[in-house]
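One structure below.
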Amino acid sequence: MNALLRFGHEQSGTTMVEFSLVAPVLFLILVCCLDFARGLNAYVVVTNASRDGARFATMNPDENQVRDYVARRMSPLFVDTTDMRCPPVRPTDPCIDVIYAAPTDLSWSSDAPRPSAVTVEIRYPWQAVTWLVGSFISATGSRTFDVISTMEAMR
């Protein structure tokens with residue numbers, strides 16, 4: 001009986017038990033924060049690459065140069081930049097589409113520069129690591145960031 005009372009008042013293992021109960025929750029919160037930051041970073045990189053690509057396309061009309069430039073801007077995402085044309089070979093591959101719109105008003109004289117729209121579209125598939133962040137972003141845990149940037153060029 002005396003040993004049973006001593007065991008009830010002993011508190012040498014309470015810290016370890018409390019840590020074992022709280023540590024998985026803290027670890028899950030940390031991993032979810034990192035996964036959410038990963039998704040936010042991917043969205044920001046794709047958005048900036050699209051905007052910079054549209055700006056670059058107003059000065060350089062070669063589609064291959066624009067695709068290479070945008071692919072270099074997407075390098076923080078560790079994207080395979082060998083062939084990034086839309087539609088992609090596999091649906092899980094990112095792609096870059098460059099569209100040059102013809103001038104809308106053709107009544108101008110031939111020597112005057114005409115405004116034309118340049119559109120750069122990037123589709124980047126992103127997959128969440130954790131089910132919690134994946135279910136927060138979409139039901140399947142994956143999301144395709146589809147960013148379109150348009151700028152007007154005088155040509």
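Every chain in the structure tokens takes a letter, A first, then B, and so on in the order presented; its residues are numbered from 1, and the ligands are numbered from 1 following the presented order.
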(request) For segment 39-44 of chain A, work out the shell of residues within 8 Å, counting only C-alpha atoms and skipping chain neighbours fewer than 3 positions away, then give it as number ranges by chain. (result) A: 35-36, 47-48, 77, 126, 128, 145
(request) Write out as a ChimeraX atom specification all residues of chain A that backbone DSSP assigns to alpha helix (DSSP H). (result) /A:2-9,14-59,63-73,131-137
(request) Tell me which of A:Val66, A:Cys32, A:Ser75, A:Met154 sits closest to Trp131 of chain A, counting only C-alpha atoms. (result)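 Residue with the minimum atom-to-atom distance to Trp131 of chain A: A:Cys32.
Considering the residues A:Ala71, A:Val22, A:Leu28, A:Cys86 and counting only C-alpha atoms, Gly53 of chain A has its shortest atom-to-atom contact with A:Ala71.
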(request) For Arg123 of chain A, please output as JSON, numbers by chain all residues within 7 Å (counting only C-alpha atoms; exclusion window: fewer than 4 positions along the same chain). (result) {"A": [94, 95, 96, 144, 145, 146, 147]}
File dump, residues just selected, N, CA and C atoms, as an mmCIF file, in the first residue's frame:
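Below is the file that was written, selection10.cif:
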```cif
data_model
loop_
_atom_site.group_PDB
_atom_site.id
_atom_site.type_symbol
_atom_site.label_atom_id
_atom_site.label_comp_id
_atom_site.auth_asym_id
_atom_site.auth_seq_id
_atom_site.Cartn_x
_atom_site.Cartn_y
_atom_site.Cartn_z
ATOM 1 N N PRO A 94 4.658 21.359 -66.310
ATOM 2 C CA PRO A 94 4.322 22.773 -66.505
ATOM 3 C C PRO A 94 4.471 23.143 -67.972
ATOM 4 N N CYS A 95 3.744 24.174 -68.397
ATOM 5 C CA CYS A 95 3.872 24.609 -69.781
ATOM 6 C C CYS A 95 3.773 26.122 -69.860
ATOM 7 N N ILE A 96 4.362 26.658 -70.926
ATOM 8 C CA ILE A 96 4.373 28.098 -71.183
ATOM 9 C C ILE A 96 3.795 28.317 -72.572
ATOM 10 N N THR A 144 -3.495 23.438 -60.023
ATOM 11 C CA THR A 144 -2.762 23.947 -61.172
ATOM 12 C C THR A 144 -2.843 25.458 -61.134
ATOM 13 N N PHE A 145 -1.680 26.083 -61.005
ATOM 14 C CA PHE A 145 -1.626 27.539 -61.039
ATOM 15 C C PHE A 145 -1.616 27.948 -62.503
ATOM 16 N N ASP A 146 -2.667 28.618 -62.931
ATOM 17 C CA ASP A 146 -2.817 29.068 -64.314
ATOM 18 C C ASP A 146 -2.783 30.587 -64.298
ATOM 19 N N VAL A 147 -1.665 31.153 -64.754
ATOM 20 C CA VAL A 147 -1.458 32.599 -64.683
ATOM 21 C C VAL A 147 -1.333 33.147 -66.100
#
```
(message) Give me, as a ChimeraX atom specification, all polymer residues having an atom no more than 10 Å from Gly141 of chain A, counting only C-alpha atoms and skipping those fewer than 4 positions away in the same chain.
(response) /A:126-137
Go ahead and write the residues just picked, all heavy atoms, as a JSON list (two decimals), in the first residue's frame.
```
[["chain", "number", "residue", "atom", "x", "y", "z"],
["A", 126, "TRP", "N", 0.83, 21.91, -59.06],
["A", 126, "TRP", "CA", 1.46, 21.87, -57.75],
["A", 126, "TRP", "C", 0.77, 20.83, -56.89],
["A", 126, "TRP", "O", -0.46, 20.72, -56.91],
["A", 126, "TRP", "CB", 1.37, 23.25, -57.09],
["A", 126, "TRP", "CG", 1.97, 23.31, -55.73],
["A", 126, "TRP", "CD1", 3.29, 23.41, -55.44],
["A", 126, "TRP", "CD2", 1.28, 23.27, -54.48],
["A", 126, "TRP", "NE1", 3.46, 23.44, -54.08],
["A", 126, "TRP", "CE2", 2.24, 23.35, -53.47],
["A", 126, "TRP", "CE3", -0.05, 23.16, -54.13],
["A", 126, "TRP", "CZ2", 1.92, 23.33, -52.13],
["A", 126, "TRP", "CZ3", -0.39, 23.14, -52.79],
["A", 126, "TRP", "CH2", 0.60, 23.22, -51.81],
["A", 127, "GLN", "N", 1.54, 20.06, -56.16],
["A", 127, "GLN", "CA", 1.01, 18.99, -55.31],
["A", 127, "GLN", "C", 1.39, 19.28, -53.86],
["A", 127, "GLN", "O", 2.55, 19.52, -53.56],
["A", 127, "GLN", "CB", 1.59, 17.64, -55.74],
["A", 127, "GLN", "CG", 1.09, 16.47, -54.94],
["A", 127, "GLN", "CD", -0.36, 16.12, -55.25],
["A", 127, "GLN", "OE1", -0.81, 16.27, -56.37],
["A", 127, "GLN", "NE2", -1.08, 15.69, -54.25],
["A", 128, "ALA", "N", 0.40, 19.25, -52.97],
["A", 128, "ALA", "CA", 0.65, 19.46, -51.55],
["A", 128, "ALA", "C", 1.29, 18.21, -50.95],
["A", 128, "ALA", "O", 1.03, 17.10, -51.38],
["A", 128, "ALA", "CB", -0.64, 19.79, -50.82],
["A", 129, "VAL", "N", 2.10, 18.41, -49.93],
["A", 129, "VAL", "CA", 2.75, 17.30, -49.25],
["A", 129, "VAL", "C", 1.84, 16.74, -48.16],
["A", 129, "VAL", "O", 1.73, 15.53, -47.98],
["A", 129, "VAL", "CB", 4.11, 17.75, -48.65],
["A", 129, "VAL", "CG1", 4.73, 16.64, -47.83],
["A", 129, "VAL", "CG2", 5.04, 18.18, -49.75],
["A", 130, "THR", "N", 1.16, 17.60, -47.44],
["A", 130, "THR", "CA", 0.31, 17.16, -46.33],
["A", 130, "THR", "C", -1.15, 17.14, -46.75],
["A", 130, "THR", "O", -1.59, 17.94, -47.58],
["A", 130, "THR", "CB", 0.46, 18.11, -45.12],
["A", 130, "THR", "OG1", 0.10, 19.43, -45.52],
["A", 130, "THR", "CG2", 1.88, 18.11, -44.61],
["A", 131, "TRP", "N", -1.91, 16.24, -46.20],
["A", 131, "TRP", "CA", -3.33, 16.14, -46.51],
["A", 131, "TRP", "C", -4.08, 17.35, -46.00],
["A", 131, "TRP", "O", -5.07, 17.76, -46.58],
["A", 131, "TRP", "CB", -3.92, 14.86, -45.93],
["A", 131, "TRP", "CG", -3.80, 14.77, -44.44],
["A", 131, "TRP", "CD1", -2.78, 14.21, -43.74],
["A", 131, "TRP", "CD2", -4.70, 15.29, -43.48],
["A", 131, "TRP", "NE1", -2.98, 14.35, -42.40],
["A", 131, "TRP", "CE2", -4.17, 15.00, -42.20],
["A", 131, "TRP", "CE3", -5.90, 15.96, -43.55],
["A", 131, "TRP", "CZ2", -4.80, 15.38, -41.02],
["A", 131, "TRP", "CZ3", -6.53, 16.33, -42.37],
["A", 131, "TRP", "CH2", -5.98, 16.03, -41.13],
["A", 132, "LEU", "N", -3.63, 17.95, -44.91],
["A", 132, "LEU", "CA", -4.33, 19.09, -44.33],
["A", 132, "LEU", "C", -4.27, 20.30, -45.25],
["A", 132, "LEU", "O", -5.28, 20.91, -45.55],
["A", 132, "LEU", "CB", -3.76, 19.40, -42.95],
["A", 132, "LEU", "CG", -4.50, 20.44, -42.13],
["A", 132, "LEU", "CD1", -5.90, 19.95, -41.83],
["A", 132, "LEU", "CD2", -3.76, 20.69, -40.83],
["A", 133, "VAL", "N", -3.08, 20.63, -45.70],
["A", 133, "VAL", "CA", -2.93, 21.76, -46.62],
["A", 133, "VAL", "C", -3.55, 21.42, -47.97],
["A", 133, "VAL", "O", -4.19, 22.26, -48.60],
["A", 133, "VAL", "CB", -1.44, 22.14, -46.77],
["A", 133, "VAL", "CG1", -1.25, 23.19, -47.84],
["A", 133, "VAL", "CG2", -0.90, 22.63, -45.45],
["A", 134, "GLY", "N", -3.41, 20.18, -48.42],
["A", 134, "GLY", "CA", -4.00, 19.77, -49.68],
["A", 134, "GLY", "C", -5.51, 19.89, -49.68],
["A", 134, "GLY", "O", -6.11, 20.34, -50.65],
["A", 135, "SER", "N", -6.15, 19.52, -48.57],
["A", 135, "SER", "CA", -7.60, 19.64, -48.51],
["A", 135, "SER", "C", -8.04, 21.09, -48.34],
["A", 135, "SER", "O", -9.14, 21.46, -48.72],
["A", 135, "SER", "CB", -8.15, 18.80, -47.35],
["A", 135, "SER", "OG", -7.66, 19.28, -46.12],
["A", 136, "PHE", "N", -7.17, 21.93, -47.79],
["A", 136, "PHE", "CA", -7.46, 23.36, -47.67],
["A", 136, "PHE", "C", -7.42, 24.03, -49.05],
["A", 136, "PHE", "O", -8.23, 24.90, -49.35],
["A", 136, "PHE", "CB", -6.45, 24.02, -46.73],
["A", 136, "PHE", "CG", -6.63, 25.49, -46.56],
["A", 136, "PHE", "CD1", -7.72, 26.00, -45.87],
["A", 136, "PHE", "CD2", -5.72, 26.38, -47.11],
["A", 136, "PHE", "CE1", -7.88, 27.37, -45.73],
["A", 136, "PHE", "CE2", -5.89, 27.74, -46.97],
["A", 136, "PHE", "CZ", -6.96, 28.23, -46.28],
["A", 137, "ILE", "N", -6.48, 23.62, -49.89],
["A", 137, "ILE", "CA", -6.31, 24.24, -51.20],
["A", 137, "ILE", "C", -7.30, 23.66, -52.21],
["A", 137, "ILE", "O", -7.92, 24.39, -52.98],
["A", 137, "ILE", "CB", -4.86, 24.09, -51.68],
["A", 137, "ILE", "CG1", -3.98, 24.98, -50.80],
["A", 137, "ILE", "CG2", -4.70, 24.44, -53.14],
["A", 137, "ILE", "CD1", -2.55, 24.99, -51.14]]
```
(request) One decimal, Å: what's the distance from atom CA of Arg73 of chain A over to atom CA of Pro113 of chain A, could you say? (result) 29.4 Å
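As for atom CA of Arg85 of chain A and atom CA of Ala117 of chain A, they are spaced 19.5 Å apart.
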(request) Record the distance separating atom CA of Thr119 of chain A and atom CA of Ala101 of chain A, expressed in Å with one decimal. (result) 7.8 Å
